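For reference, entry_39.tsv (TSV, C-alpha atoms and all ligand atoms):
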```tsv
chain	number	residue	atom	x	y	z
A	9	MET	CA	-56.35	-12.12	27.43
A	10	MET	CA	-53.38	-13.57	25.59
A	11	ASN	CA	-49.65	-12.97	25.45
A	12	VAL	CA	-47.69	-12.29	22.29
A	13	SER	CA	-43.92	-12.10	22.31
A	14	VAL	CA	-42.62	-9.31	20.13
A	15	PHE	CA	-39.12	-8.73	18.82
A	16	ILE	CA	-38.63	-5.04	18.09
A	17	ASP	CA	-35.62	-2.70	18.07
A	18	ARG	CA	-33.33	-5.64	18.95
A	19	GLU	CA	-35.36	-6.38	22.09
A	20	ASN	CA	-37.90	-8.98	23.09
A	21	LYS	CA	-41.07	-7.83	24.81
A	22	THR	CA	-44.21	-9.60	25.93
A	23	ILE	CA	-47.42	-7.80	25.08
A	24	GLN	CA	-50.83	-8.59	26.54
A	25	LEU	CA	-53.71	-8.40	24.11
A	26	ASN	CA	-57.41	-9.22	24.01
A	27	ASN	CA	-58.20	-12.72	22.82
A	28	ILE	CA	-59.49	-11.68	19.42
A	29	SER	CA	-56.66	-9.42	18.33
A	30	ILE	CA	-55.09	-8.75	14.96
A	31	VAL	CA	-51.74	-7.30	13.96
A	32	SER	CA	-53.05	-3.75	13.74
A	33	ASP	CA	-54.27	-3.98	17.37
A	34	LEU	CA	-50.73	-4.90	18.37
A	35	LEU	CA	-49.26	-1.99	16.39
A	36	LYS	CA	-51.77	0.40	17.92
A	37	LYS	CA	-50.89	-0.77	21.40
A	38	LEU	CA	-47.20	-0.16	20.67
A	39	ASN	CA	-48.00	3.19	19.06
A	40	ILE	CA	-46.43	2.17	15.74
A	41	ASN	CA	-47.51	3.58	12.39
A	42	PRO	CA	-48.14	0.53	10.14
A	43	VAL	CA	-46.67	2.40	7.16
A	44	THR	CA	-43.26	2.30	8.84
A	45	VAL	CA	-42.92	-1.45	9.54
A	46	ILE	CA	-43.29	-4.95	8.17
A	47	VAL	CA	-44.36	-7.75	10.52
A	48	SER	CA	-43.35	-11.40	10.40
A	49	ARG	CA	-44.27	-14.58	12.26
A	50	ASN	CA	-42.20	-17.75	11.84
A	51	ASN	CA	-40.24	-15.94	9.16
A	52	GLU	CA	-43.38	-15.34	7.06
A	53	LEU	CA	-44.70	-11.83	6.50
A	54	ILE	CA	-48.17	-11.18	7.91
A	55	LEU	CA	-50.57	-8.33	7.17
A	56	GLU	CA	-52.34	-5.94	9.49
A	57	ASP	CA	-55.60	-7.93	9.45
A	58	GLU	CA	-53.90	-11.21	10.45
A	59	LYS	CA	-55.32	-12.81	13.63
A	60	LEU	CA	-52.85	-13.32	16.46
A	61	LYS	CA	-52.83	-16.34	18.79
A	62	ASP	CA	-51.69	-16.83	22.35
A	63	ASN	CA	-47.89	-17.33	22.51
A	64	ASP	CA	-47.29	-16.10	18.97
A	65	GLU	CA	-43.77	-14.89	18.30
A	66	VAL	CA	-43.84	-11.83	16.13
A	67	LYS	CA	-41.04	-9.67	14.67
A	68	ILE	CA	-41.59	-6.03	13.84
A	69	LEU	CA	-39.05	-4.68	11.36
A	70	SER	CA	-38.63	-1.00	10.57
A	71	VAL	CA	-38.71	-0.06	6.89
A	72	ILE	CA	-36.85	3.19	7.51
A	73	SER	CA	-33.31	3.35	6.15
A	74	GLY	CA	-30.63	3.96	8.69
A	75	GLY	CA	-28.73	6.66	6.82
B	9	MET	CA	-58.78	-8.37	-3.34
B	10	ASN	CA	-56.19	-11.13	-3.27
B	11	CYS	CA	-53.99	-11.96	-6.27
B	12	CYS	CA	-54.45	-15.71	-5.85
B	13	ASN	CA	-54.93	-18.40	-3.18
B	14	GLU	CA	-51.46	-18.00	-1.73
B	15	LYS	CA	-51.04	-16.13	1.54
B	16	PRO	CA	-50.50	-12.40	0.92
B	17	VAL	CA	-47.27	-10.70	2.07
B	18	ILE	CA	-48.23	-7.09	1.38
B	19	ALA	CA	-51.30	-4.89	0.93
B	20	LEU	CA	-50.79	-2.20	-1.70
B	21	TYR	CA	-52.30	1.22	-1.08
B	22	SER	CA	-54.94	0.39	-3.68
B	23	GLY	CA	-56.17	-2.37	-1.34
B	24	GLU	CA	-54.82	-5.19	-3.49
B	25	LYS	CA	-53.07	-7.96	-1.56
B	26	LEU	CA	-50.20	-9.83	-3.18
B	27	CYS	CA	-48.53	-13.15	-2.36
B	28	LYS	CA	-44.77	-13.66	-2.37
B	29	SER	CA	-44.38	-14.58	-6.02
B	30	HIS	CA	-46.91	-12.09	-7.38
B	31	PHE	CA	-45.37	-9.30	-5.31
B	32	THR	CA	-41.87	-10.19	-6.54
B	33	GLU	CA	-43.14	-10.03	-10.10
B	34	TYR	CA	-45.00	-6.76	-9.42
B	35	PHE	CA	-41.94	-5.15	-7.82
B	36	GLU	CA	-39.42	-6.20	-10.47
B	37	ASN	CA	-41.78	-5.15	-13.25
B	38	LYS	CA	-42.20	-1.78	-11.60
B	39	VAL	CA	-38.43	-1.27	-11.52
B	40	PHE	CA	-38.03	-2.35	-15.16
B	41	LYS	CA	-40.91	-0.10	-16.16
B	42	THR	CA	-39.30	2.83	-14.35
B	43	ILE	CA	-36.07	2.18	-16.24
B	44	ARG	CA	-37.93	2.16	-19.58
B	45	GLN	CA	-40.33	5.02	-18.87
B	46	PHE	CA	-37.62	7.46	-17.78
B	47	GLU	CA	-34.98	6.06	-20.16
B	48	LEU	CA	-32.58	5.39	-17.32
B	49	LEU	CA	-30.42	2.99	-19.34
B	50	ASP	CA	-28.98	3.08	-22.85
B	51	LYS	CA	-28.33	-0.03	-24.92
B	52	GLU	CA	-24.81	-0.33	-23.61
B	53	GLU	CA	-23.72	0.63	-20.11
B	54	ASN	CA	-20.86	0.17	-17.74
B	55	LEU	CA	-23.05	0.75	-14.70
B	56	GLY	CA	-22.01	1.48	-11.18
B	57	VAL	CA	-24.29	0.92	-8.22
B	58	ALA	CA	-23.60	3.10	-5.19
B	59	LEU	CA	-23.65	0.43	-2.51
B	60	SER	CA	-24.04	1.19	1.18
B	61	GLY	CA	-24.92	-2.32	2.26
B	62	GLY	CA	-28.39	-1.22	3.34
B	63	LYS	CA	-31.56	-2.77	1.92
B	64	ASP	CA	-32.19	-0.12	-0.75
B	65	SER	CA	-28.80	-0.28	-2.45
B	66	LEU	CA	-28.66	-4.07	-2.15
B	67	THR	CA	-32.07	-4.30	-3.80
B	68	VAL	CA	-31.00	-2.11	-6.73
B	69	LEU	CA	-27.80	-4.07	-7.16
B	70	HIS	CA	-29.67	-7.39	-6.95
B	71	ILE	CA	-32.10	-6.36	-9.70
B	72	LEU	CA	-29.57	-4.63	-11.99
B	73	ASN	CA	-27.23	-7.60	-11.67
B	74	ARG	CA	-30.06	-9.86	-12.84
B	75	LEU	CA	-30.57	-7.52	-15.78
B	76	SER	CA	-26.85	-7.77	-16.62
B	77	GLN	CA	-27.05	-11.54	-16.62
B	78	GLN	CA	-29.83	-11.37	-19.19
B	79	ASN	CA	-28.18	-8.63	-21.21
B	80	PRO	CA	-24.37	-8.73	-21.40
B	81	LYS	CA	-24.24	-5.23	-22.90
B	82	ILE	CA	-25.26	-3.85	-19.53
B	83	LYS	CA	-22.36	-4.38	-17.14
B	84	THR	CA	-22.99	-3.89	-13.43
B	85	ASN	CA	-20.32	-3.01	-10.85
B	86	ALA	CA	-20.58	-1.78	-7.28
B	87	ILE	CA	-18.89	1.19	-5.68
B	88	ALA	CA	-18.96	1.87	-1.93
B	89	ILE	CA	-17.84	4.77	0.24
B	90	ASP	CA	-16.46	4.16	3.70
B	91	GLU	CA	-17.07	7.43	5.54
B	92	GLY	CA	-15.56	6.04	8.70
B	93	ILE	CA	-18.55	5.84	11.03
B	94	GLN	CA	-17.73	3.42	13.78
B	95	ASN	CA	-20.25	0.74	14.67
B	96	TYR	CA	-22.29	1.48	11.58
B	97	ARG	CA	-20.56	1.63	8.22
B	98	ASP	CA	-18.13	-1.14	9.13
B	99	LYS	CA	-21.15	-3.41	9.61
B	100	THR	CA	-23.06	-2.44	6.46
B	101	LEU	CA	-19.87	-2.69	4.37
B	102	GLU	CA	-19.40	-6.27	5.56
B	103	LYS	CA	-22.83	-7.04	4.18
B	104	ALA	CA	-21.92	-5.27	0.92
B	105	LYS	CA	-18.69	-7.28	0.50
B	106	GLU	CA	-20.42	-10.54	1.30
B	107	PHE	CA	-23.15	-9.90	-1.28
B	108	CYS	CA	-20.69	-8.91	-4.03
B	109	ASN	CA	-18.49	-11.91	-3.31
B	110	LYS	CA	-21.39	-14.29	-3.45
B	111	ASN	CA	-22.72	-12.83	-6.68
B	112	ASN	CA	-19.39	-12.26	-8.39
B	113	ILE	CA	-19.82	-8.49	-8.65
B	114	LYS	CA	-16.79	-6.21	-8.81
B	115	LEU	CA	-16.76	-3.92	-5.77
B	116	ASP	CA	-14.52	-0.87	-5.27
B	117	ILE	CA	-14.42	0.76	-1.83
B	118	PHE	CA	-13.06	4.28	-1.24
B	119	SER	CA	-12.64	5.71	2.24
B	120	TYR	CA	-12.59	9.26	3.64
B	121	LYS	CA	-9.55	8.26	5.66
B	122	GLU	CA	-7.52	7.37	2.60
B	123	GLU	CA	-8.84	10.08	0.33
B	124	PHE	CA	-9.01	13.00	2.81
B	125	GLY	CA	-6.81	11.83	5.68
B	126	LEU	CA	-9.63	11.76	8.24
B	127	THR	CA	-12.66	9.60	8.97
B	128	LEU	CA	-16.07	11.28	9.29
B	129	ASP	CA	-15.96	10.57	13.03
B	130	GLU	CA	-12.64	12.45	13.22
B	131	MET	CA	-13.91	15.34	11.07
B	132	LEU	CA	-16.91	15.80	13.37
B	133	LYS	CA	-14.60	16.15	16.37
B	134	ILE	CA	-12.81	19.01	14.61
B	135	LEU	CA	-15.65	20.90	12.94
B	136	ASP	CA	-18.94	21.98	14.45
B	137	VAL	CA	-21.20	21.08	11.52
B	138	LYS	CA	-24.29	18.99	10.88
B	139	PRO	CA	-22.97	15.44	10.28
B	140	CYS	CA	-25.22	14.60	7.33
B	141	ASN	CA	-24.33	17.82	5.58
B	142	ILE	CA	-20.59	17.27	5.43
B	143	CYS	CA	-21.01	13.51	5.06
B	144	GLY	CA	-23.18	13.99	1.97
B	145	ILE	CA	-20.87	16.57	0.39
B	146	PHE	CA	-17.83	14.31	0.64
B	147	ARG	CA	-19.75	11.21	-0.43
B	148	ARG	CA	-21.16	12.83	-3.57
B	149	TYR	CA	-17.73	14.27	-4.35
B	150	LEU	CA	-15.99	10.89	-4.09
B	151	LEU	CA	-18.73	8.97	-5.89
B	152	ASN	CA	-18.54	11.32	-8.87
B	153	LYS	CA	-14.75	11.48	-8.98
B	154	LYS	CA	-14.23	7.75	-8.60
B	155	SER	CA	-17.01	6.84	-11.03
B	156	LYS	CA	-15.23	8.89	-13.67
B	157	GLU	CA	-11.91	7.23	-12.86
B	158	LEU	CA	-13.58	3.81	-13.11
B	159	LYS	CA	-15.12	4.85	-16.45
B	160	LEU	CA	-18.64	4.15	-15.25
B	161	THR	CA	-21.29	5.39	-17.67
B	162	LYS	CA	-24.00	5.82	-15.02
B	163	LEU	CA	-24.34	5.53	-11.29
B	164	ALA	CA	-27.48	3.91	-9.88
B	165	THR	CA	-28.54	4.72	-6.32
B	166	GLY	CA	-31.05	3.11	-3.97
B	167	HIS	CA	-33.25	6.22	-3.62
B	168	ASN	CA	-36.89	5.19	-3.32
B	169	LEU	CA	-40.24	6.97	-3.50
B	170	ASP	CA	-40.11	7.91	0.18
B	171	ASP	CA	-36.67	9.52	-0.18
B	172	GLU	CA	-37.82	11.52	-3.17
B	173	CYS	CA	-41.01	12.59	-1.48
B	174	GLN	CA	-39.04	13.81	1.54
B	175	SER	CA	-36.63	15.76	-0.68
B	176	ILE	CA	-39.48	17.43	-2.57
B	177	LEU	CA	-41.14	18.59	0.65
B	178	MET	CA	-37.87	19.64	2.28
B	179	ASN	CA	-37.07	21.81	-0.73
B	180	GLN	CA	-40.54	23.34	-0.58
B	181	ILE	CA	-40.22	24.10	3.12
B	182	LYS	CA	-36.79	25.68	2.61
B	183	ASN	CA	-37.84	27.40	-0.64
B	184	SER	CA	-34.99	25.67	-2.51
B	185	ILE	CA	-36.75	25.15	-5.77
B	186	GLU	CA	-33.55	24.95	-7.79
B	187	ALA	CA	-32.58	21.94	-5.69
B	188	SER	CA	-35.87	20.33	-6.71
B	189	ALA	CA	-34.98	20.88	-10.37
B	190	ARG	CA	-32.06	18.50	-9.78
B	191	LEU	CA	-34.34	15.75	-8.42
B	192	GLY	CA	-36.22	13.18	-10.48
B	193	PRO	CA	-35.35	9.64	-11.60
B	194	LYS	CA	-32.40	11.06	-13.58
B	195	VAL	CA	-30.48	13.39	-11.33
B	196	GLY	CA	-29.23	16.79	-12.48
B	197	ILE	CA	-30.46	19.59	-14.70
B	198	ALA	CA	-28.32	19.18	-17.78
B	199	GLN	CA	-26.17	16.29	-18.88
B	200	ASP	CA	-22.53	17.14	-18.63
B	201	ASP	CA	-19.42	15.01	-18.83
B	202	LYS	CA	-18.16	16.43	-15.53
B	203	PHE	CA	-20.98	14.51	-13.90
B	204	VAL	CA	-21.54	10.82	-14.06
B	205	GLN	CA	-25.29	10.62	-14.59
B	206	ARG	CA	-27.02	9.34	-11.46
B	207	ILE	CA	-30.21	7.28	-11.83
B	208	LYS	CA	-32.82	6.03	-9.37
B	209	PRO	CA	-34.38	2.72	-10.51
B	210	LEU	CA	-36.44	2.44	-7.26
B	211	TYR	CA	-37.98	5.85	-7.89
B	212	LEU	CA	-41.58	4.58	-7.82
B	213	CYS	CA	-41.15	1.95	-5.08
B	214	THR	CA	-42.18	2.84	-1.53
B	215	GLU	CA	-39.83	2.11	1.31
B	216	LYS	CA	-42.26	-0.52	2.57
B	217	GLU	CA	-42.24	-2.25	-0.82
B	218	VAL	CA	-38.44	-2.20	-0.95
B	219	THR	CA	-38.23	-3.65	2.56
B	220	THR	CA	-40.76	-6.35	1.69
B	221	TYR	CA	-38.80	-7.26	-1.44
B	222	ALA	CA	-35.53	-7.27	0.49
B	223	PHE	CA	-37.07	-9.51	3.17
B	224	ILE	CA	-38.39	-12.01	0.62
B	225	SER	CA	-35.11	-12.02	-1.31
B	226	GLY	CA	-32.99	-12.53	1.79
B	227	LEU	CA	-31.34	-9.10	1.51
B	228	LEU	CA	-32.61	-7.73	4.79
B	229	ASP	CA	-30.08	-7.89	7.55
B	230	GLU	CA	-30.38	-6.87	11.15
B	231	PHE	CA	-31.27	-3.20	11.36
B	232	ASN	CA	-28.26	-0.89	11.43
B	233	GLU	CA	-28.67	2.79	12.03
B	234	CYS	CA	-26.15	5.58	11.62
B	235	PRO	CA	-25.59	7.23	15.02
B	236	ASN	CA	-25.98	10.65	13.36
B	237	VAL	CA	-29.31	10.01	11.69
B	238	SER	CA	-31.80	11.27	14.27
B	239	GLN	CA	-30.56	14.84	14.22
B	240	SER	CA	-31.89	15.46	10.76
B	241	PHE	CA	-34.65	17.64	9.43
B	242	ARG	CA	-35.31	14.81	6.97
B	243	ALA	CA	-36.42	12.54	9.83
B	244	LYS	CA	-39.11	15.02	10.87
B	245	VAL	CA	-40.41	15.35	7.32
B	246	ARG	CA	-40.36	11.55	6.98
B	247	ASP	CA	-42.44	11.02	10.12
B	248	MET	CA	-44.94	13.65	9.03
B	249	LEU	CA	-45.27	12.05	5.58
B	250	ASN	CA	-45.79	8.61	7.10
B	251	GLU	CA	-48.58	9.95	9.29
B	252	LEU	CA	-50.26	11.45	6.24
B	253	GLU	CA	-49.78	8.23	4.28
B	254	ASN	CA	-51.43	6.24	7.07
B	255	LYS	CA	-54.47	8.55	7.13
B	256	PHE	CA	-54.62	9.11	3.36
B	257	PRO	CA	-53.13	6.09	1.57
B	258	GLY	CA	-51.47	7.06	-1.71
B	259	THR	CA	-50.26	10.46	-0.47
B	260	LYS	CA	-46.63	9.77	-1.36
B	261	TYR	CA	-47.49	8.64	-4.89
B	262	SER	CA	-49.59	11.76	-5.37
B	263	ILE	CA	-46.81	14.06	-4.24
B	264	VAL	CA	-44.23	12.43	-6.49
B	265	ASN	CA	-46.58	12.14	-9.46
B	266	SER	CA	-47.57	15.77	-9.34
B	267	PHE	CA	-43.93	16.71	-8.92
B	268	LEU	CA	-43.08	14.69	-12.04
B	269	GLN	CA	-45.52	16.82	-14.03
B	270	THR	CA	-43.77	20.05	-13.05
B	271	LEU	CA	-40.23	18.66	-13.26
B	272	PRO	CA	-39.65	19.32	-17.00
B	273	LEU	CA	-40.64	22.96	-16.41
B	274	LEU	CA	-38.27	23.23	-13.47
B	275	LYS	CA	-35.39	21.71	-15.44
B	276	GLN	CA	-36.13	24.13	-18.27
B	277	LYS	CA	-36.20	27.12	-15.91
B	278	PHE	CA	-32.82	26.38	-14.37
B	279	LYS	CA	-31.03	24.95	-17.38
B	280	ASP	CA	-28.84	28.04	-17.88
B	281	GLY	CA	-27.19	27.82	-14.50
B	282	ALA	CA	-23.97	26.67	-16.15
B	283	ILE	CA	-21.97	24.00	-14.39
B	284	LYS	CA	-18.64	25.45	-13.32
B	285	VAL	CA	-15.61	23.51	-12.22
B	286	CYS	CA	-13.85	24.00	-8.91
B	287	ILE	CA	-10.57	25.87	-9.41
B	288	LYS	CA	-8.87	23.59	-6.88
B	289	CYS	CA	-10.01	20.10	-7.79
B	290	ASN	CA	-11.69	20.37	-11.19
B	291	GLU	CA	-14.84	18.67	-9.94
B	292	PRO	CA	-18.22	20.25	-10.80
B	293	SER	CA	-19.23	23.07	-8.48
B	294	ALA	CA	-21.80	25.83	-8.10
B	295	ASN	CA	-19.11	28.27	-6.92
B	296	ASP	CA	-15.45	28.92	-7.78
B	297	VAL	CA	-14.39	26.52	-5.06
B	298	CYS	CA	-16.53	23.45	-4.38
B	299	ASN	CA	-18.00	22.62	-0.96
B	300	ALA	CA	-15.71	19.64	-0.54
B	301	CYS	CA	-12.60	21.81	-1.02
B	302	VAL	CA	-14.01	24.49	1.33
B	303	TYR	CA	-14.44	21.92	4.11
B	304	LEU	CA	-11.10	20.27	3.41
B	305	GLU	CA	-9.40	23.64	3.80
B	306	LYS	CA	-11.19	24.25	7.12
B	307	LEU	CA	-10.18	20.81	8.34
B	308	ARG	CA	-6.56	21.35	7.33
B	309	LYS	CA	-6.37	24.65	9.23
B	310	ARG	CA	-7.83	23.16	12.39
B	311	VAL	CA	-5.56	20.16	12.26
B	312	VAL	CA	-2.51	22.42	11.95
B	313	VAL	CA	-3.63	24.81	14.73
B	314	ASN	CA	-4.29	22.01	17.20
C	401	LIG	S1	-27.13	9.49	8.37
C	401	LIG	FE1	-25.96	11.32	7.88
C	401	LIG	S2	-23.94	10.96	8.78
C	401	LIG	FE2	-24.99	8.98	8.69
C	401	LIG	S3	-24.32	8.07	6.77
C	401	LIG	FE3	-26.24	9.14	6.35
C	401	LIG	S4	-25.59	11.20	5.67
C	401	LIG	FE4	-23.81	10.24	6.67
C	402	ZN	ZN	-50.53	-14.51	-5.85
C	403	ZN	ZN	-13.03	21.32	-5.25
```
As a first step, turn the structure in this file into structure tokens.
Amino acid sequence: MMNVSVFIDRENKTIQLNNISIVSDLLKKLNINPVTVIVSRNNELILEDEKLKDNDEVKILSVISGG
Amino acid sequence: MNCCNEKPVIALYSGEKLCKSHFTEYFENKVFKTIRQFELLDKEENLGVALSGGKDSLTVLHILNRLSQQNPKIKTNAIAIDEGIQNYRDKTLEKAKEFCNKNNIKLDIFSYKEEFGLTLDEMLKILDVKPCNICGIFRRYLLNKKSKELKLTKLATGHNLDDECQSILMNQIKNSIEASARLGPKVGIAQDDKFVQRIKPLYLCTEKEVTTYAFISGLLDEFNECPNVSQSFRAKVRDMLNELENKFPGTKYSIVNSFLQTLPLLKQKFKDGAIKVCIKCNEPSANDVCNACVYLEKLRKRVVVN
């Protein structure tokens, strides 16, 4: 297992994932529709098929306008 | 399918993956193509951009301002409405001011408080109405009135493909087909000098594309959400559409593209619904008295009674 720290909705969370996990596994675990977010790591956008590593710091940003 | 050897930042629904610079080019070209295809701009314009400070309106302003720099006959200004929503609009307006300052863009801000005497927050304490309903009525009213006063030739908004798709479906569900006739990249059924023509340069860009562009261009701020937003029917339709899009990529394009094919027929069908003017304020209205004046009257009565 590995730990990924996730910043989402102005909060930091730590999520445990299997060792060979990609971004879409993370989104699935959080029950997030990939159409509704963009994901970044070290301020670079990453796609759903990107491999995640232990201790990665990932930001999930909603694409939905706030009004 | 990658565009080049650079790391991709987005996967399009077609499966194509684009890097930062190829996506930027793709996105800007799409906006310029939309402007040409739907004839959104004439040779000379004194454009206004309805700026909320959110990513969509900042993106439109960013791109139209670039266009102005290349073509001095197209002037770009910004106009913002301060509804008076505490902890939300104050924050997004800061972002709007900062952007306009930095880029030397003229920004005019008009507030509900100054124009109507009450903020939206105050109005909602007096009247038992759906917030977005009354908020939208007053915003459209002020945007049109002030655009005319500022002699703007057109008003560009940040509406994207997702917004349009939601509106199309909402009108179907409510059987409001005449409202759909007013949709499209150029808003309204007939051109009329009572209305400042509203245009939607991001018409064919998905919300995800706009957010990606805003992120890359440094326009994406921390997420701000209006406290009233979750109560809306629109949010339900949006979630449903996003589920469909995830299962059947391209759904939103299909809905908007098929709508575009019927739109000329819809505009034709409803073209005789003449635009009246409100007997109280002279602004365009479907009835003798416009919705804004109806609500203002209600607010006035309540304020006096209390
Ligand atoms: S979400 Fe509703 S209340 Fe909030 S700004 Fe938008 S229209 Fe107004
Ligand atoms: Zn590339
Ligand atoms: Zn009126």
Cut-off 7 Å, only C-alpha atoms and all ligand atoms, neighbours of ligand ZN 403 (chain C) as a PDB file with C-alpha atoms, keeping the file's coordinate frame:
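File out-v3.pdb, as written:
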```pdb
ATOM      1  CA  CYS B 286     -13.850  24.000  -8.910  1.00  0.00           C
ATOM      2  CA  ILE B 287     -10.570  25.870  -9.410  1.00  0.00           C
ATOM      3  CA  LYS B 288      -8.870  23.590  -6.880  1.00  0.00           C
ATOM      4  CA  CYS B 289     -10.010  20.100  -7.790  1.00  0.00           C
ATOM      5  CA  ASN B 290     -11.690  20.370 -11.190  1.00  0.00           C
ATOM      6  CA  GLU B 291     -14.840  18.670  -9.940  1.00  0.00           C
ATOM      7  CA  VAL B 297     -14.390  26.520  -5.060  1.00  0.00           C
ATOM      8  CA  CYS B 298     -16.530  23.450  -4.380  1.00  0.00           C
ATOM      9  CA  ASN B 299     -18.000  22.620  -0.960  1.00  0.00           C
ATOM     10  CA  ALA B 300     -15.710  19.640  -0.540  1.00  0.00           C
ATOM     11  CA  CYS B 301     -12.600  21.810  -1.020  1.00  0.00           C
TER      12      CYS B 301
END
```
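Excluding Leu25 of chain A itself and same-chain residues fewer than 5 positions from it, the residues having an atom within 12 Å of it are Met9, Met10, Asn11, Val12, Ser13, Val14, Ile30, Val31, Ser32, Asp33, Leu34, Leu35, Lys36, Lys37, Leu38, Lys59, Leu60, Lys61, Asp62, Asn63 and Asp64 of chain A, counting all atoms listed in the file.
Within 6 Å of chain A, counting all atoms listed in the file, chain B contributes B:Val17, B:Lys216, B:Thr219, B:Glu233, B:Cys234, B:Val237.
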Distance limit 12 Å, reference ligand LIG 401 (chain C), atoms considered: only C-alpha atoms and all ligand atoms. Which residues make the cut? Give them as a PyMOL selection string.
(chain A and resi 72-75) or (chain B and resi 60-62+88-98+100-101+120+127-129+131-132+137-148+232-243)
Residues within 7 Å of ligand ZN 402 (chain C) should be enumerated using only C-alpha atoms and all ligand atoms and returned as a PyMOL selection string.
chain B and resi 11-14+26-30
By how many Å are atom CA of Val39 of chain B and atom CA of Asn254 of chain B apart?
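These atoms are spaced 23.9 Å apart.
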I'd like the interatomic distance between atom CA of Leu158 of chain B and atom CA of Thr84 of chain B, to a tenth of an Å.
12.2 Å
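Between atom CA of Arg246 of chain B and atom CA of Pro292 of chain B the separation is 29.7 Å.
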As JSON: centre and edge lengths in Å, one decimal, of the axis-aligned box holding segment 51-64 of chain A with 6 Å per side:
```
{"center_x": -47.9, "center_y": -11.6, "center_z": 14.5, "size_x": 27.4, "size_y": 23.4, "size_z": 28.0}
```
Which residues are near segment 273-275 of chain B? Cut-off 12 Å, only C-alpha atoms, ignore same chain within fewer than 2 positions. Put them as a PyMOL selection string.
chain B and resi 184-192+194-199+267-271+277-281
Nearby residues (only C-alpha atoms) at most 10 Å from Leu59 of chain B, same-chain spacing under 3 positions excluded, as a PDB file with C-alpha atoms, in the coordinates of the input:
```pdb
ATOM      1  CA  GLY B  56     -22.010   1.480 -11.180  1.00  0.00           C
ATOM      2  CA  GLY B  62     -28.390  -1.220   3.340  1.00  0.00           C
ATOM      3  CA  LYS B  63     -31.560  -2.770   1.920  1.00  0.00           C
ATOM      4  CA  ASP B  64     -32.190  -0.120  -0.750  1.00  0.00           C
ATOM      5  CA  SER B  65     -28.800  -0.280  -2.450  1.00  0.00           C
ATOM      6  CA  LEU B  66     -28.660  -4.070  -2.150  1.00  0.00           C
ATOM      7  CA  THR B  67     -32.070  -4.300  -3.800  1.00  0.00           C
ATOM      8  CA  VAL B  68     -31.000  -2.110  -6.730  1.00  0.00           C
ATOM      9  CA  LEU B  69     -27.800  -4.070  -7.160  1.00  0.00           C
ATOM     10  CA  ASN B  85     -20.320  -3.010 -10.850  1.00  0.00           C
ATOM     11  CA  ALA B  86     -20.580  -1.780  -7.280  1.00  0.00           C
ATOM     12  CA  ILE B  87     -18.890   1.190  -5.680  1.00  0.00           C
ATOM     13  CA  ALA B  88     -18.960   1.870  -1.930  1.00  0.00           C
ATOM     14  CA  ILE B  89     -17.840   4.770   0.240  1.00  0.00           C
ATOM     15  CA  THR B 100     -23.060  -2.440   6.460  1.00  0.00           C
ATOM     16  CA  LEU B 101     -19.870  -2.690   4.370  1.00  0.00           C
ATOM     17  CA  ALA B 104     -21.920  -5.270   0.920  1.00  0.00           C
ATOM     18  CA  LYS B 105     -18.690  -7.280   0.500  1.00  0.00           C
ATOM     19  CA  CYS B 108     -20.690  -8.910  -4.030  1.00  0.00           C
ATOM     20  CA  LEU B 115     -16.760  -3.920  -5.770  1.00  0.00           C
ATOM     21  CA  ASP B 116     -14.520  -0.870  -5.270  1.00  0.00           C
ATOM     22  CA  ILE B 117     -14.420   0.760  -1.830  1.00  0.00           C
ATOM     23  CA  ALA B 164     -27.480   3.910  -9.880  1.00  0.00           C
ATOM     24  CA  THR B 165     -28.540   4.720  -6.320  1.00  0.00           C
ATOM     25  CA  GLY B 166     -31.050   3.110  -3.970  1.00  0.00           C
TER      26      GLY B 166
END
```
